[in-house]
>>> print(open('work-v3.cif').read())   # mmCIF, C-alpha atoms and all ligand atoms
data_query
#
loop_
_atom_site.label_atom_id
_atom_site.label_comp_id
_atom_site.auth_asym_id
_atom_site.auth_seq_id
_atom_site.Cartn_x
_atom_site.Cartn_y
_atom_site.Cartn_z
CA MET A 1 102.80 115.87 57.44
CA THR A 2 101.17 112.69 58.61
CA ILE A 3 101.66 111.43 62.08
CA ALA A 4 101.74 107.69 62.43
CA ILE A 5 99.90 106.55 65.48
CA THR A 6 100.74 103.07 66.57
CA PRO A 7 98.11 101.63 68.86
CA VAL A 8 99.62 100.65 72.18
CA PRO A 9 98.59 97.10 73.08
CA ALA A 10 96.68 96.99 76.34
CA ASP A 11 98.70 95.56 79.18
CA PRO A 12 96.85 92.37 80.25
CA VAL A 13 97.98 92.81 83.86
CA ASP A 14 96.56 96.30 83.91
CA HIS A 15 93.33 95.12 82.30
CA LEU A 16 92.86 92.37 84.89
CA LEU A 17 93.51 94.81 87.72
CA GLU A 18 91.12 97.31 86.17
CA ILE A 19 88.18 94.88 86.35
CA GLY A 20 89.32 93.31 89.63
CA LEU A 21 91.35 90.24 90.49
CA LYS A 22 89.48 86.95 90.29
CA ASP A 23 88.75 84.39 93.00
CA LEU A 24 88.13 86.99 95.68
CA TRP A 25 85.08 88.25 97.52
CA TYR A 26 84.06 91.86 96.87
CA PRO A 27 81.39 94.09 98.37
CA ILE A 28 79.13 95.15 95.49
CA CYS A 29 76.34 97.24 97.04
CA PRO A 30 74.56 97.99 100.31
CA SER A 31 71.92 95.39 101.20
CA HIS A 32 69.12 97.92 100.98
CA PHE A 33 69.69 98.32 97.22
CA ILE A 34 67.68 95.15 96.66
CA LYS A 35 64.07 95.47 97.72
CA GLU A 36 61.02 93.95 96.03
CA ASN A 37 62.22 94.19 92.40
CA PRO A 38 65.30 92.77 90.68
CA ILE A 39 68.14 95.19 90.11
CA SER A 40 71.02 95.28 87.67
CA LEU A 41 74.56 96.24 88.67
CA ARG A 42 77.74 96.62 86.68
CA ARG A 43 80.64 95.49 88.80
CA LEU A 44 83.97 93.74 88.24
CA GLY A 45 83.64 93.72 84.45
CA ARG A 46 80.27 91.96 84.72
CA LYS A 47 76.59 92.84 84.56
CA ILE A 48 74.74 91.19 87.42
CA ALA A 49 71.01 90.72 88.14
CA LEU A 50 70.15 90.53 91.83
CA TRP A 51 66.85 89.72 93.48
CA ARG A 52 65.29 88.36 96.64
CA ASP A 53 63.05 85.30 96.74
CA GLY A 54 59.92 84.99 98.91
CA GLU A 55 62.05 84.33 102.01
CA GLY A 56 64.21 87.38 101.39
CA VAL A 57 67.19 85.27 100.29
CA LEU A 58 69.40 87.04 97.78
CA HIS A 59 70.32 85.53 94.38
CA ALA A 60 72.62 86.71 91.60
CA LEU A 61 72.75 85.77 87.92
CA GLU A 62 74.55 87.24 84.99
CA ASP A 63 72.13 89.86 83.71
CA ARG A 64 71.79 88.37 80.24
CA CYS A 65 69.04 86.03 79.14
CA PRO A 66 70.41 82.80 77.63
CA HIS A 67 67.85 83.07 74.79
CA ARG A 68 68.76 86.33 73.07
CA GLY A 69 70.49 88.36 75.71
CA ALA A 70 67.73 90.55 77.12
CA PRO A 71 68.34 91.84 80.67
CA LEU A 72 66.87 89.33 83.10
CA SER A 73 66.75 92.11 85.70
CA GLN A 74 63.87 93.66 83.74
CA GLY A 75 61.88 90.48 84.25
CA VAL A 76 59.58 89.14 86.91
CA ILE A 77 60.58 87.33 90.10
CA LEU A 78 59.10 83.83 90.37
CA GLY A 79 60.58 82.87 93.75
CA ASP A 80 64.05 81.51 93.09
CA ARG A 81 63.72 82.16 89.33
CA LEU A 82 63.64 85.19 87.07
CA SER A 83 61.34 85.19 84.07
CA CYS A 84 62.78 87.11 81.13
CA PRO A 85 60.57 89.99 79.98
CA TYR A 86 61.27 89.37 76.27
CA HIS A 87 59.86 85.85 75.66
CA GLY A 88 59.26 84.51 79.17
CA VAL A 89 62.21 82.11 79.52
CA GLU A 90 62.59 81.19 83.21
CA VAL A 91 66.08 80.92 84.72
CA ARG A 92 66.61 79.48 88.19
CA HIS A 93 69.09 81.02 90.70
CA ASP A 94 71.70 78.37 89.82
CA GLY A 95 71.59 79.34 86.14
CA VAL A 96 69.45 76.39 84.93
CA VAL A 97 66.71 77.19 82.42
CA MET A 98 63.52 75.75 83.90
CA ARG A 99 60.98 76.70 81.26
CA VAL A 100 60.81 77.97 77.71
CA PRO A 101 57.11 78.82 77.49
CA GLY A 102 57.21 79.64 73.75
CA SER A 103 58.69 76.26 72.85
CA PRO A 104 58.14 73.69 75.63
CA GLY A 105 60.56 70.76 75.60
CA CYS A 106 63.21 72.60 73.55
CA LYS A 107 66.89 71.92 74.15
CA LEU A 108 67.40 75.03 76.22
CA GLU A 109 65.16 73.64 78.97
CA GLY A 110 67.20 71.96 81.69
CA SER A 111 70.51 73.39 80.52
CA LYS A 112 72.73 75.45 82.78
CA ALA A 113 72.95 78.33 80.37
CA THR A 114 73.47 81.34 82.62
CA ARG A 115 76.36 82.19 84.93
CA HIS A 116 75.34 82.44 88.55
CA PHE A 117 77.24 84.03 91.43
CA HIS A 118 77.54 83.31 95.11
CA VAL A 119 76.43 86.24 97.23
CA GLN A 120 76.29 86.84 100.97
CA GLU A 121 74.96 89.69 103.07
CA ARG A 122 77.10 90.88 105.96
CA ALA A 123 77.59 94.15 107.83
CA GLY A 124 74.93 95.87 105.75
CA ALA A 125 76.51 95.01 102.39
CA VAL A 126 76.17 92.41 99.65
CA PHE A 127 79.38 90.49 98.92
CA LEU A 128 79.93 88.57 95.67
CA TYR A 129 82.48 85.87 94.99
CA ASN A 130 84.19 86.85 91.76
CA SER A 131 85.45 83.45 90.65
CA LYS A 132 87.19 82.92 87.35
CA GLU A 133 85.06 79.86 86.65
CA PRO A 134 81.79 78.96 88.37
CA VAL A 135 82.33 77.03 91.61
CA ASP A 136 79.82 74.95 93.58
CA VAL A 137 81.06 76.09 96.97
CA PRO A 138 82.95 79.34 97.39
CA PRO A 139 85.61 79.80 100.08
CA PRO A 140 84.32 81.35 103.30
CA LEU A 141 83.92 85.10 103.40
CA VAL A 142 86.36 86.19 106.12
CA LEU A 143 85.92 89.76 107.32
CA PRO A 144 87.81 91.62 110.05
CA GLU A 145 86.45 91.26 113.58
CA GLN A 146 85.24 94.87 113.52
CA LEU A 147 82.52 93.80 111.05
CA THR A 148 81.66 90.43 112.54
CA ASP A 149 81.89 90.74 116.33
CA ASP A 150 78.66 92.47 117.14
CA ALA A 151 79.18 92.08 120.89
CA GLU A 152 82.35 94.20 120.79
CA TYR A 153 81.93 96.59 117.88
CA GLY A 154 79.26 98.90 116.54
CA SER A 155 79.47 100.13 112.95
CA PHE A 156 77.84 102.18 110.21
CA LEU A 157 78.33 101.41 106.54
CA CYS A 158 79.10 104.44 104.43
CA TYR A 159 78.72 103.71 100.72
CA THR A 160 79.66 106.05 97.88
CA GLU A 161 80.44 105.84 94.17
CA TRP A 162 83.46 107.81 93.03
CA LYS A 163 84.56 108.81 89.54
CA GLY A 164 88.01 107.29 89.56
CA ASP A 165 89.78 103.97 89.31
CA TYR A 166 89.56 101.95 92.53
CA ARG A 167 93.35 101.68 92.58
CA TYR A 168 93.54 105.40 93.34
CA VAL A 169 91.22 104.75 96.26
CA LEU A 170 93.61 102.05 97.50
CA ASP A 171 96.49 104.51 97.12
CA ASN A 172 94.56 107.12 99.07
CA VAL A 173 93.93 104.83 102.01
CA MET A 174 97.51 103.54 101.87
CA ASP A 175 98.67 107.14 102.32
CA PRO A 176 98.23 108.15 105.99
CA MET A 177 100.18 111.38 105.52
CA HIS A 178 97.40 113.00 103.50
CA GLY A 179 95.42 113.19 106.76
CA THR A 180 97.82 115.82 108.11
CA TYR A 181 97.41 118.00 105.01
CA LEU A 182 94.19 117.35 103.11
CA HIS A 183 92.19 116.88 106.30
CA LYS A 184 94.10 119.26 108.57
CA GLN A 185 91.00 121.33 109.28
CA SER A 186 89.01 118.31 110.37
CA HIS A 187 87.96 117.69 113.96
CA SER A 188 90.23 114.66 114.33
CA MET A 189 93.32 115.15 112.16
CA ALA A 190 94.75 118.49 113.26
CA GLU A 191 97.30 117.04 115.68
CA GLY A 192 100.77 115.56 115.45
CA ASP A 193 103.92 116.01 113.40
CA SER A 194 103.59 117.31 109.89
CA SER A 195 106.56 115.25 108.80
CA ALA A 196 107.15 111.59 109.45
CA LYS A 197 109.15 108.56 108.52
CA PHE A 198 107.25 105.40 107.71
CA GLY A 199 107.96 101.71 107.99
CA ILE A 200 106.31 98.53 106.71
CA ARG A 201 105.46 95.73 109.12
CA PRO A 202 104.35 92.41 107.58
CA THR A 203 101.42 90.58 109.16
CA ASP A 204 100.06 87.06 108.57
CA ILE A 205 97.44 88.43 106.21
CA GLY A 206 99.12 91.49 104.67
CA PHE A 207 101.07 94.41 106.07
CA VAL A 208 100.86 97.57 108.14
CA PHE A 209 102.27 100.84 106.85
CA GLU A 210 102.97 103.03 109.87
CA LYS A 211 104.61 106.19 111.11
CA GLU A 212 107.69 105.67 113.20
CA GLY A 213 107.24 107.08 116.70
CA GLN A 214 103.67 108.41 116.45
CA ARG A 215 100.59 106.44 117.45
CA ASN A 216 97.07 107.46 118.41
CA VAL A 217 97.65 111.09 117.49
CA ASN A 218 96.48 111.36 113.90
CA PHE A 219 95.92 109.02 110.94
CA ASP A 220 99.18 107.21 111.80
CA TRP A 221 98.91 103.80 110.15
CA THR A 222 97.05 101.79 107.56
CA GLU A 223 96.70 98.05 107.27
CA TRP A 224 96.12 96.11 104.08
CA ALA A 225 94.87 92.53 104.33
CA ASP A 226 93.89 89.59 102.15
CA THR A 227 91.56 87.08 103.78
CA GLY A 228 90.01 85.94 100.52
CA ILE A 229 88.74 89.51 100.25
CA HIS A 230 91.01 92.54 100.12
CA TRP A 231 90.28 95.05 102.86
CA MET A 232 92.00 97.92 104.60
CA ARG A 233 91.85 99.20 108.16
CA LEU A 234 92.98 102.33 109.94
CA GLU A 235 92.32 104.20 113.15
CA ILE A 236 91.97 107.86 113.94
CA PRO A 237 91.72 109.12 117.53
CA TYR A 238 88.43 110.70 118.48
CA PRO A 239 88.42 113.99 120.38
CA LYS A 240 86.64 114.00 123.77
CA THR A 241 83.51 115.34 122.09
CA GLY A 242 83.29 112.08 120.15
CA GLY A 243 81.54 110.34 123.02
CA PRO A 244 82.46 107.05 124.72
CA GLY A 245 84.71 104.45 123.15
CA GLY A 246 88.20 104.17 121.77
CA ASN A 247 89.64 105.29 118.47
CA PHE A 248 87.50 105.74 115.41
CA ILE A 249 88.16 102.65 113.27
CA ILE A 250 87.61 102.60 109.54
CA VAL A 251 87.44 99.42 107.49
CA GLY A 252 87.41 99.89 103.72
CA ALA A 253 86.90 97.69 100.66
CA PHE A 254 86.49 98.80 97.05
CA SER A 255 85.10 97.39 93.81
CA PRO A 256 85.38 98.54 90.23
CA ILE A 257 82.02 99.54 88.70
CA VAL A 258 83.01 100.35 85.11
CA LYS A 259 86.24 101.87 83.84
CA GLY A 260 87.00 104.89 86.01
CA MET A 261 84.21 104.32 88.56
CA THR A 262 84.54 102.82 92.02
CA ALA A 263 82.09 101.49 94.57
CA THR A 264 83.61 102.49 97.92
CA PHE A 265 82.64 100.90 101.19
CA PHE A 266 83.83 102.44 104.43
CA TRP A 267 82.58 100.95 107.65
CA ARG A 268 82.87 103.45 110.47
CA VAL A 269 83.43 101.42 113.59
CA ARG A 270 83.82 101.92 117.29
CA LYS A 271 84.76 99.36 119.91
CA LEU A 272 81.93 99.64 122.39
CA PRO A 273 79.95 97.04 124.29
CA LYS A 274 76.28 96.79 123.44
CA GLY A 275 74.23 99.00 125.72
CA TRP A 276 74.14 102.67 126.68
CA GLU A 277 77.71 103.46 125.55
CA ARG A 278 77.13 102.16 122.06
CA ASP A 279 73.72 103.80 121.96
CA THR A 280 75.30 107.12 122.97
CA TRP A 281 77.88 106.89 120.20
CA ARG A 282 75.24 105.89 117.63
CA PHE A 283 73.12 108.83 118.66
CA LEU A 284 76.07 111.23 118.54
CA TYR A 285 77.16 109.79 115.20
CA LYS A 286 73.80 110.32 113.59
CA ASN A 287 73.32 113.79 115.05
CA ARG A 288 76.75 115.33 114.91
CA LEU A 289 79.66 113.16 113.80
CA GLU A 290 78.34 111.75 110.56
CA ALA A 291 78.14 115.14 108.86
CA ARG A 292 81.76 115.83 109.84
CA HIS A 293 82.90 112.46 108.52
CA TRP A 294 81.15 113.07 105.23
CA HIS A 295 82.89 116.41 105.01
CA VAL A 296 86.27 114.67 105.35
CA LEU A 297 85.32 112.03 102.80
CA GLU A 298 84.25 114.75 100.42
CA GLN A 299 87.80 116.12 100.51
CA ASP A 300 89.08 112.69 99.44
CA ARG A 301 86.46 112.40 96.71
CA VAL A 302 87.29 115.79 95.21
CA MET A 303 91.00 115.00 95.23
CA LEU A 304 90.51 111.64 93.53
CA GLU A 305 87.94 112.78 91.00
CA GLU A 306 90.07 115.75 89.96
CA MET A 307 93.16 113.61 89.39
CA GLU A 308 93.86 112.75 85.76
CA ALA A 309 93.34 109.10 84.85
CA ASP A 310 97.06 108.81 84.06
CA ALA A 311 98.24 110.64 87.18
CA ASN A 312 100.16 107.57 88.27
CA GLN A 313 102.26 107.72 85.11
CA HIS A 314 103.80 111.05 86.10
CA GLU A 315 104.78 110.67 89.72
CA ASN A 316 107.82 111.46 91.82
CA LEU A 317 107.31 109.30 94.87
CA TYR A 318 109.10 109.73 98.19
CA GLN A 319 109.39 107.96 101.52
CA HIS A 320 105.71 108.40 102.47
CA ASP A 321 104.74 106.45 99.39
CA LEU A 322 106.48 103.19 100.26
CA GLY A 323 103.15 101.63 101.24
CA ILE A 324 101.64 102.53 97.88
CA VAL A 325 104.65 101.09 96.04
CA ARG A 326 104.41 97.90 98.06
CA LEU A 327 100.69 97.47 97.48
CA ARG A 328 100.86 98.20 93.75
CA ARG A 329 103.66 95.69 93.32
CA HIS A 330 101.75 93.08 95.30
CA MET A 331 98.58 93.60 93.23
CA ARG A 332 100.56 93.31 89.99
CA ASN A 333 102.19 90.10 91.24
CA LEU A 334 98.77 88.65 92.04
CA ALA A 335 97.48 89.62 88.60
CA GLN A 336 100.51 88.13 86.87
CA ALA A 337 100.07 84.87 88.78
CA GLN A 338 96.38 84.69 87.81
CA LEU A 339 97.18 85.32 84.15
CA ALA A 340 99.96 82.73 84.15
CA GLU A 341 97.62 80.19 85.71
CA ALA A 342 94.91 80.97 83.14
CA ALA A 343 97.42 80.57 80.29
CA GLU A 344 98.56 77.22 81.72
CA THR A 345 94.98 75.97 81.99
CA ALA A 346 94.28 77.08 78.42
CA THR A 347 97.22 75.11 77.01
CA ALA A 348 96.79 72.03 79.23
S1 LIG B 1 65.63 87.10 75.27
FE1 LIG B 1 64.95 86.34 77.13
S2 LIG B 1 63.30 85.08 76.61
FE2 LIG B 1 64.04 85.79 74.72
FE FE B 2 91.26 110.93 103.44
#
>>> encode(input="work-v3.cif", output="structure tokens")
Amino acid sequence: MTIAITPVPADPVDHLLEIGLKDLWYPICPSHFIKENPISLRRLGRKIALWRDGEGVLHALEDRCPHRGAPLSQGVILGDRLSCPYHGVEVRHDGVVMRVPGSPGCKLEGSKATRHFHVQERAGAVFLYNSKEPVDVPPPLVLPEQLTDDAEYGSFLCYTEWKGDYRYVLDNVMDPMHGTYLHKQSHSMAEGDSSAKFGIRPTDIGFVFEKEGQRNVNFDWTEWADTGIHWMRLEIPYPKTGGPGGNFIIVGAFSPIVKGMTATFFWRVRKLPKGWERDTWRFLYKNRLEARHWHVLEQDRVMLEEMEADANQHENLYQHDLGIVRLRRHMRNLAQAQLAEAAETATA
């Protein structure tokens, strides 16, 4: 007997979501990834060469030489240019070919032949503007106050790479109830009701998914926001042993690496004025708390990495999952709108 296998056409909405929505900022790596040599990163369906010029300013080009496609990241830094290792073609940070040493004066010289990207360094991370088409000036990178107000907040960036689609990471953060179960042995999530009813509260920039009638006891709410970058925020109360300061705040943002791999950024934040209180927390964090936080994050990683890639095709969701449903629908709507706009531009 022969079994006919009809290939299932890929869903364009799913494909766009898989590589990341366009026209948004994304964190792509910690700042310290880029030292004296160029590096190459796969992110957001792209391959990107990153390097620092003599002043330490970061630049990003598509990691493909306009001559014959060799990786520019294997080349040599000449200030604000990279020189390709294969035949020495020099590409400036804005994508313009400045020199073709093997054939001076050829047509390639002076042409803008390589895609360049806008990048910014903030809160210990490199952010890239993932525009559909190249733009001269990107929109401002707007981050939550916890990452920008240094007078009020102290933070540590915790970066990891997980084997799993970033949308499962979004689901995980949009699921406060897992704190009560998956992390029940942790130092900060042992308290509170083990059942809850949730509600959704819209905000100007997104929405909050929160437990009804329980605050500041456990992982009781999650916020999702779009400020030209998608980020999430939550708070978990610290026990007394956690040192001075209020709740433990976590800000998260996530970027696809390649299919089934995610770059996860969690900033661990505390609202503390600069001075001895913040210093005390930073000391405690480094010496005691960080290991515990990693232990909790490990529980999330194991759960996500052990889930089948098609886990979300076989679900039976209940009331706790309203936030996930809302976020997935919103992301699909955004993807559909981007595809419709692209189709319109193509036929115009
Ligand atoms: S491939 Fe880069 S110079 Fe030839
Ligand atoms: Fe978790």
>>> residues_around(input="work-v3.cif", residues="Leu304 in chain A", least_positions_apart="6", cutoff="9 Å", atoms="all atoms listed in the file", output="PyMOL selection string")
chain A and resi 162-165+168-169+172
>>> closest_atom_pairs(input="work-v3.cif", of="chain A", to="ligand LIG 1 (chain B)", cutoff="6 Å", atoms="only C-alpha atoms and all ligand atoms", output="JSON lines")
{"residue": "A:Cys65", "atom": "CA", "partner": "B:LIG1", "partner_atom": "FE1", "distance": 4.6}
{"residue": "A:His67", "atom": "CA", "partner": "B:LIG1", "partner_atom": "S1", "distance": 4.6}
{"residue": "A:Arg68", "atom": "CA", "partner": "B:LIG1", "partner_atom": "S1", "distance": 3.9}
{"residue": "A:Gly69", "atom": "CA", "partner": "B:LIG1", "partner_atom": "S1", "distance": 5.0}
{"residue": "A:Ala70", "atom": "CA", "partner": "B:LIG1", "partner_atom": "S1", "distance": 4.4}
{"residue": "A:Cys84", "atom": "CA", "partner": "B:LIG1", "partner_atom": "FE1", "distance": 4.6}
{"residue": "A:Tyr86", "atom": "CA", "partner": "B:LIG1", "partner_atom": "S2", "distance": 4.8}
{"residue": "A:His87", "atom": "CA", "partner": "B:LIG1", "partner_atom": "S2", "distance": 3.7}
{"residue": "A:Gly88", "atom": "CA", "partner": "B:LIG1", "partner_atom": "S2", "distance": 4.8}
{"residue": "A:Val89", "atom": "CA", "partner": "B:LIG1", "partner_atom": "S2", "distance": 4.3}
>>> closest_atom_pairs(input="work-v3.cif", of="chain A", to="ligand FE 2 (chain B)", cutoff="8 Å", atoms="all atoms listed in the file", output="Markdown table")
| residue | atom | partner | partner_atom | distance |
| --- | --- | --- | --- | --- |
| A:Asn172 | CA | B:FE2 | FE | 6.7 |
| A:Val173 | CA | B:FE2 | FE | 6.8 |
| A:Pro176 | CA | B:FE2 | FE | 7.9 |
| A:His178 | CA | B:FE2 | FE | 6.5 |
| A:Gly179 | CA | B:FE2 | FE | 5.8 |
| A:Leu182 | CA | B:FE2 | FE | 7.1 |
| A:His183 | CA | B:FE2 | FE | 6.7 |
| A:Val296 | CA | B:FE2 | FE | 6.5 |
| A:Leu297 | CA | B:FE2 | FE | 6.1 |
| A:Gln299 | CA | B:FE2 | FE | 6.9 |
| A:Asp300 | CA | B:FE2 | FE | 4.9 |
>>> residues_around(input="work-v3.cif", residues="range 43-52 of chain A", least_positions_apart="4", cutoff="6 Å", atoms="all atoms listed in the file", output="VMD selection string")
chain A and resid 19 to 20 38 to 39 56 to 63 73 256 to 257
>>> write_last_selection(input="work-v3.cif", atoms="C-alpha atoms", output="mmCIF file, in the frame of the given file")
data_model
loop_
_atom_site.group_PDB
_atom_site.id
_atom_site.type_symbol
_atom_site.label_atom_id
_atom_site.label_comp_id
_atom_site.auth_asym_id
_atom_site.auth_seq_id
_atom_site.Cartn_x
_atom_site.Cartn_y
_atom_site.Cartn_z
ATOM 1 C CA ILE A 19 88.180 94.880 86.350
ATOM 2 C CA GLY A 20 89.320 93.310 89.630
ATOM 3 C CA PRO A 38 65.300 92.770 90.680
ATOM 4 C CA ILE A 39 68.140 95.190 90.110
ATOM 5 C CA GLY A 56 64.210 87.380 101.390
ATOM 6 C CA VAL A 57 67.190 85.270 100.290
ATOM 7 C CA LEU A 58 69.400 87.040 97.780
ATOM 8 C CA HIS A 59 70.320 85.530 94.380
ATOM 9 C CA ALA A 60 72.620 86.710 91.600
ATOM 10 C CA LEU A 61 72.750 85.770 87.920
ATOM 11 C CA GLU A 62 74.550 87.240 84.990
ATOM 12 C CA ASP A 63 72.130 89.860 83.710
ATOM 13 C CA SER A 73 66.750 92.110 85.700
ATOM 14 C CA PRO A 256 85.380 98.540 90.230
ATOM 15 C CA ILE A 257 82.020 99.540 88.700
#
>>> atom_distance(input="work-v3.cif", atom1="CA of Pro237 in chain A", atom2="CA of Glu191 in chain A")
9.9 Å
>>> atom_distance(input="work-v3.cif", atom1="CA of Ala151 in chain A", atom2="CA of Lys271 in chain A")
9.2 Å
>>> residues_around(input="work-v3.cif", residues="range 131-135 of chain A", least_positions_apart="5", cutoff="7 Å", atoms="only C-alpha atoms", output="list in words")
Lys22, Asp23 and Leu24 of chain A
>>> build_atoms(input="work-v3.cif", residues="range 81-94 of chain A", atoms="N, CA, C and O atoms", output="mmCIF file, in the coordinates of the input")
data_model
loop_
_atom_site.group_PDB
_atom_site.id
_atom_site.type_symbol
_atom_site.label_atom_id
_atom_site.label_comp_id
_atom_site.auth_asym_id
_atom_site.auth_seq_id
_atom_site.Cartn_x
_atom_site.Cartn_y
_atom_site.Cartn_z
ATOM 1 N N ARG A 81 63.444 81.998 90.764
ATOM 2 C CA ARG A 81 63.720 82.160 89.330
ATOM 3 C C ARG A 81 63.435 83.596 88.894
ATOM 4 O O ARG A 81 62.636 84.304 89.511
ATOM 5 N N LEU A 82 64.042 83.952 87.761
ATOM 6 C CA LEU A 82 63.640 85.190 87.070
ATOM 7 C C LEU A 82 63.024 84.774 85.746
ATOM 8 O O LEU A 82 63.523 83.860 85.073
ATOM 9 N N SER A 83 61.959 85.452 85.372
ATOM 10 C CA SER A 83 61.340 85.190 84.070
ATOM 11 C C SER A 83 61.678 86.365 83.158
ATOM 12 O O SER A 83 61.405 87.523 83.469
ATOM 13 N N CYS A 84 62.318 86.060 82.034
ATOM 14 C CA CYS A 84 62.780 87.110 81.130
ATOM 15 C C CYS A 84 61.583 87.873 80.539
ATOM 16 O O CYS A 84 60.587 87.263 80.151
ATOM 17 N N PRO A 85 61.708 89.208 80.477
ATOM 18 C CA PRO A 85 60.570 89.990 79.980
ATOM 19 C C PRO A 85 60.339 89.800 78.475
ATOM 20 O O PRO A 85 59.234 90.041 77.990
ATOM 21 N N TYR A 86 61.363 89.351 77.742
ATOM 22 C CA TYR A 86 61.270 89.370 76.270
ATOM 23 C C TYR A 86 60.382 88.244 75.733
ATOM 24 O O TYR A 86 59.445 88.483 74.983
ATOM 25 N N HIS A 87 60.668 86.981 76.145
ATOM 26 C CA HIS A 87 59.860 85.850 75.660
ATOM 27 C C HIS A 87 59.539 84.869 76.781
ATOM 28 O O HIS A 87 59.200 83.717 76.528
ATOM 29 N N GLY A 88 59.749 85.311 78.039
ATOM 30 C CA GLY A 88 59.260 84.510 79.170
ATOM 31 C C GLY A 88 60.125 83.345 79.614
ATOM 32 O O GLY A 88 59.707 82.561 80.467
ATOM 33 N N VAL A 89 61.333 83.205 79.075
ATOM 34 C CA VAL A 89 62.210 82.110 79.520
ATOM 35 C C VAL A 89 62.490 82.261 81.018
ATOM 36 O O VAL A 89 62.741 83.365 81.497
ATOM 37 N N GLU A 90 62.408 81.141 81.747
ATOM 38 C CA GLU A 90 62.590 81.190 83.210
ATOM 39 C C GLU A 90 63.939 80.586 83.597
ATOM 40 O O GLU A 90 64.232 79.437 83.269
ATOM 41 N N VAL A 91 64.747 81.372 84.299
ATOM 42 C CA VAL A 91 66.080 80.920 84.720
ATOM 43 C C VAL A 91 66.117 80.848 86.244
ATOM 44 O O VAL A 91 65.791 81.825 86.923
ATOM 45 N N ARG A 92 66.531 79.680 86.735
ATOM 46 C CA ARG A 92 66.610 79.480 88.190
ATOM 47 C C ARG A 92 67.881 80.131 88.738
ATOM 48 O O ARG A 92 68.830 80.402 87.991
ATOM 49 N N HIS A 93 67.949 80.316 90.074
ATOM 50 C CA HIS A 93 69.090 81.020 90.700
ATOM 51 C C HIS A 93 70.438 80.357 90.422
ATOM 52 O O HIS A 93 71.474 81.001 90.479
ATOM 53 N N ASP A 94 70.420 79.046 90.095
ATOM 54 C CA ASP A 94 71.700 78.370 89.820
ATOM 55 C C ASP A 94 72.046 78.410 88.330
ATOM 56 O O ASP A 94 73.008 77.768 87.887
#
